[in-house]
Amino acid sequence: MSQYPAGTPLSHEVRVRLPLPIVIPLGALLAIGLVTFGMSRILLSVPKEIAVVIAIAIGANILIACAFIAQRPESARRSSSELAIVAAYPLVIGVVIASLGLGHGDSAGEAEHAEAAPAAAEGTAVSAANVAFSTDTIELQAKTEETIPFTNDDSAEHNISIYEDDSAQKDLFKGEIIPGGQQTTYTVPALPKGEYYFQCDVHPGMNGTVTVQ
Ligand SMILES: [Cu+2]
């Protein structure tokens with residue numbers, strides 16, 4: 001404290017700097033939280049393969065931009081806004097891809113086929129919201145073709161696929177991926193009695209048990 005004469009009230013500089021040890025970490029935490037949340041919304045709403053590409057592109061972009069800026073010492077003032085722009089544009093591309101719903105157009109014919117299938121018995125109706133299924137159990141009758149009405153109330157796209165077991169290696173039924181806000185009726189082929197595993201192939205954390213009896 002030797003640079004401040006004894007008895008002087010807190011200088012302006014000290015009063016301004018006092019909260020910084022709290023404000024800077026809180027601000028950084030908030031910024032990290034917002035970026036993480038925004039990224040997760042984008043990456044969850046595109047197919048897995050595209051999400052990987054977007055994430056790598058954003059990471060590579062930030063690295064390249066930082067290396068580029070580090071080699072130009074005089075432009076320190078402008079560099080942070082430039083960095084923000086460079087880091088943000090893959091996000092914009094991601095948003096565009098997500099809103100166009102690219103990456104699942106190839107299997108559109110399957111949904112029509114599923115909807116056209118008549119007279120199958122109806123299994124458990126399932127809906128999806130907030131990256132979760134409405135149920136963790138789907139019940140079907142054995143040895144008969146069954147339908148599963150599926151409503152996607154989420155912003156992300158989802159499907160239902162049925163596998164022999166939770167290793168999700170051998171699929172018994174692969175459901176068309178349904179964009180957010182849409183619905184379909186899956187037609188599941190006749191299955192023998194037993195317990196099986198279902199999941200959303202876009203988000204394998206969304207899963208449960210299929211009981212056929
Ligand atoms: Cu999903």
# chains A, B, ... in the order shown; residues from 1 in each chain; ligands from 1
call {"tool": "residues_around", "arguments": {"residues": "A:Phe173", "least_positions_apart": "2", "cutoff": "10 Å", "atoms": "only C-alpha atoms", "output": "ChimeraX atom specification"}}
result
/A:160-164,170-171,175-176,186-189,191,198
call {"tool": "closest_atom_pairs", "arguments": {"of": "chain A", "to": "ligand 1", "cutoff": "12 Å", "atoms": "only C-alpha atoms and all ligand atoms", "output": "Markdown table"}}
result
| residue | atom | partner | partner_atom_place_in_ligand_line | distance |
| --- | --- | --- | --- | --- |
| A:Leu43 | CA | ligand 1 | 1 (Cu) | 11.4 |
| A:Leu44 | CA | ligand 1 | 1 (Cu) | 7.9 |
| A:Ser45 | CA | ligand 1 | 1 (Cu) | 8.3 |
| A:Val46 | CA | ligand 1 | 1 (Cu) | 9.8 |
| A:Pro47 | CA | ligand 1 | 1 (Cu) | 9.3 |
| A:Lys48 | CA | ligand 1 | 1 (Cu) | 10.1 |
| A:Ser127 | CA | ligand 1 | 1 (Cu) | 10.7 |
| A:Ala128 | CA | ligand 1 | 1 (Cu) | 7.7 |
| A:Ala129 | CA | ligand 1 | 1 (Cu) | 9.0 |
| A:Asn130 | CA | ligand 1 | 1 (Cu) | 9.2 |
| A:Val131 | CA | ligand 1 | 1 (Cu) | 5.8 |
| A:Ala132 | CA | ligand 1 | 1 (Cu) | 7.3 |
| A:Phe133 | CA | ligand 1 | 1 (Cu) | 8.3 |
| A:Ser134 | CA | ligand 1 | 1 (Cu) | 11.9 |
| A:Thr151 | CA | ligand 1 | 1 (Cu) | 11.8 |
| A:Asn152 | CA | ligand 1 | 1 (Cu) | 9.1 |
| A:Asp153 | CA | ligand 1 | 1 (Cu) | 11.1 |
| A:Asp154 | CA | ligand 1 | 1 (Cu) | 8.9 |
| A:Ser155 | CA | ligand 1 | 1 (Cu) | 10.0 |
| A:Ala156 | CA | ligand 1 | 1 (Cu) | 6.9 |
| A:Glu157 | CA | ligand 1 | 1 (Cu) | 5.8 |
| A:His158 | CA | ligand 1 | 1 (Cu) | 3.7 |
| A:Asn159 | CA | ligand 1 | 1 (Cu) | 6.1 |
| A:Ile160 | CA | ligand 1 | 1 (Cu) | 8.2 |
| A:Ser161 | CA | ligand 1 | 1 (Cu) | 10.5 |
| A:Gly175 | CA | ligand 1 | 1 (Cu) | 11.4 |
| A:Glu176 | CA | ligand 1 | 1 (Cu) | 11.5 |
| A:Ile177 | CA | ligand 1 | 1 (Cu) | 8.5 |
| A:Ile178 | CA | ligand 1 | 1 (Cu) | 9.1 |
| A:Pro179 | CA | ligand 1 | 1 (Cu) | 9.7 |
| A:Gly180 | CA | ligand 1 | 1 (Cu) | 9.7 |
| A:Phe198 | CA | ligand 1 | 1 (Cu) | 11.5 |
| A:Gln199 | CA | ligand 1 | 1 (Cu) | 8.0 |
| A:Cys200 | CA | ligand 1 | 1 (Cu) | 4.7 |
| A:Asp201 | CA | ligand 1 | 1 (Cu) | 6.5 |
| A:Val202 | CA | ligand 1 | 1 (Cu) | 4.8 |
| A:His203 | CA | ligand 1 | 1 (Cu) | 4.3 |
| A:Pro204 | CA | ligand 1 | 1 (Cu) | 7.2 |
| A:Gly205 | CA | ligand 1 | 1 (Cu) | 8.1 |
| A:Met206 | CA | ligand 1 | 1 (Cu) | 6.3 |
| A:Asn207 | CA | ligand 1 | 1 (Cu) | 9.2 |
call {"tool": "write_last_selection", "arguments": {"atoms": "C-alpha atoms", "output": "PDB file, in the first residue's frame"}}
result
ATOM      1  CA  LEU A  43     -24.900 -30.445 -32.106  1.00  0.00           C
ATOM      2  CA  LEU A  44     -27.906 -32.320 -30.668  1.00  0.00           C
ATOM      3  CA  SER A  45     -30.201 -31.214 -33.466  1.00  0.00           C
ATOM      4  CA  VAL A  46     -28.043 -32.466 -36.345  1.00  0.00           C
ATOM      5  CA  PRO A  47     -27.194 -36.099 -37.153  1.00  0.00           C
ATOM      6  CA  LYS A  48     -24.234 -37.532 -35.266  1.00  0.00           C
ATOM      7  CA  SER A 127     -43.263 -39.104 -27.742  1.00  0.00           C
ATOM      8  CA  ALA A 128     -39.974 -37.236 -27.343  1.00  0.00           C
ATOM      9  CA  ALA A 129     -39.277 -33.883 -25.686  1.00  0.00           C
ATOM     10  CA  ASN A 130     -36.171 -32.248 -24.210  1.00  0.00           C
ATOM     11  CA  VAL A 131     -33.975 -35.061 -25.569  1.00  0.00           C
ATOM     12  CA  ALA A 132     -35.920 -37.713 -23.625  1.00  0.00           C
ATOM     13  CA  PHE A 133     -38.561 -40.297 -24.499  1.00  0.00           C
ATOM     14  CA  SER A 134     -41.955 -40.204 -22.764  1.00  0.00           C
ATOM     15  CA  THR A 151     -44.596 -37.868 -31.886  1.00  0.00           C
ATOM     16  CA  ASN A 152     -41.484 -35.695 -31.806  1.00  0.00           C
ATOM     17  CA  ASP A 153     -42.361 -32.709 -29.584  1.00  0.00           C
ATOM     18  CA  ASP A 154     -38.693 -31.694 -29.399  1.00  0.00           C
ATOM     19  CA  SER A 155     -36.656 -29.178 -31.406  1.00  0.00           C
ATOM     20  CA  ALA A 156     -34.063 -31.905 -32.075  1.00  0.00           C
ATOM     21  CA  GLU A 157     -34.669 -34.822 -34.444  1.00  0.00           C
ATOM     22  CA  HIS A 158     -35.196 -38.317 -33.055  1.00  0.00           C
ATOM     23  CA  ASN A 159     -36.054 -41.851 -34.077  1.00  0.00           C
ATOM     24  CA  ILE A 160     -36.802 -45.204 -32.461  1.00  0.00           C
ATOM     25  CA  SER A 161     -34.745 -48.265 -33.352  1.00  0.00           C
ATOM     26  CA  GLY A 175     -37.066 -46.148 -37.459  1.00  0.00           C
ATOM     27  CA  GLU A 176     -36.959 -43.179 -39.790  1.00  0.00           C
ATOM     28  CA  ILE A 177     -35.444 -40.088 -38.136  1.00  0.00           C
ATOM     29  CA  ILE A 178     -38.262 -37.618 -37.458  1.00  0.00           C
ATOM     30  CA  PRO A 179     -37.556 -33.850 -37.388  1.00  0.00           C
ATOM     31  CA  GLY A 180     -38.709 -31.813 -34.391  1.00  0.00           C
ATOM     32  CA  PHE A 198     -34.735 -49.528 -28.060  1.00  0.00           C
ATOM     33  CA  GLN A 199     -32.903 -46.250 -28.508  1.00  0.00           C
ATOM     34  CA  CYS A 200     -32.812 -43.039 -30.494  1.00  0.00           C
ATOM     35  CA  ASP A 201     -29.940 -43.507 -32.947  1.00  0.00           C
ATOM     36  CA  VAL A 202     -29.233 -39.756 -32.903  1.00  0.00           C
ATOM     37  CA  HIS A 203     -29.007 -39.730 -29.079  1.00  0.00           C
ATOM     38  CA  PRO A 204     -28.205 -43.253 -27.817  1.00  0.00           C
ATOM     39  CA  GLY A 205     -28.651 -41.907 -24.252  1.00  0.00           C
ATOM     40  CA  MET A 206     -32.391 -41.960 -25.045  1.00  0.00           C
ATOM     41  CA  ASN A 207     -33.223 -45.655 -24.610  1.00  0.00           C
TER      42      ASN A 207
END
call {"tool": "atom_distance", "arguments": {"atom1": "atom CA of A:Asp166", "atom2": "atom CA of A:Arg41"}}
result
26.0 Å
call {"tool": "closest_residue", "arguments": {"among": "A:Pro149, A:Gly208, A:Pro21, A:Gly59", "to": "A:Val126", "atoms": "only C-alpha atoms"}}
result
A:Pro149
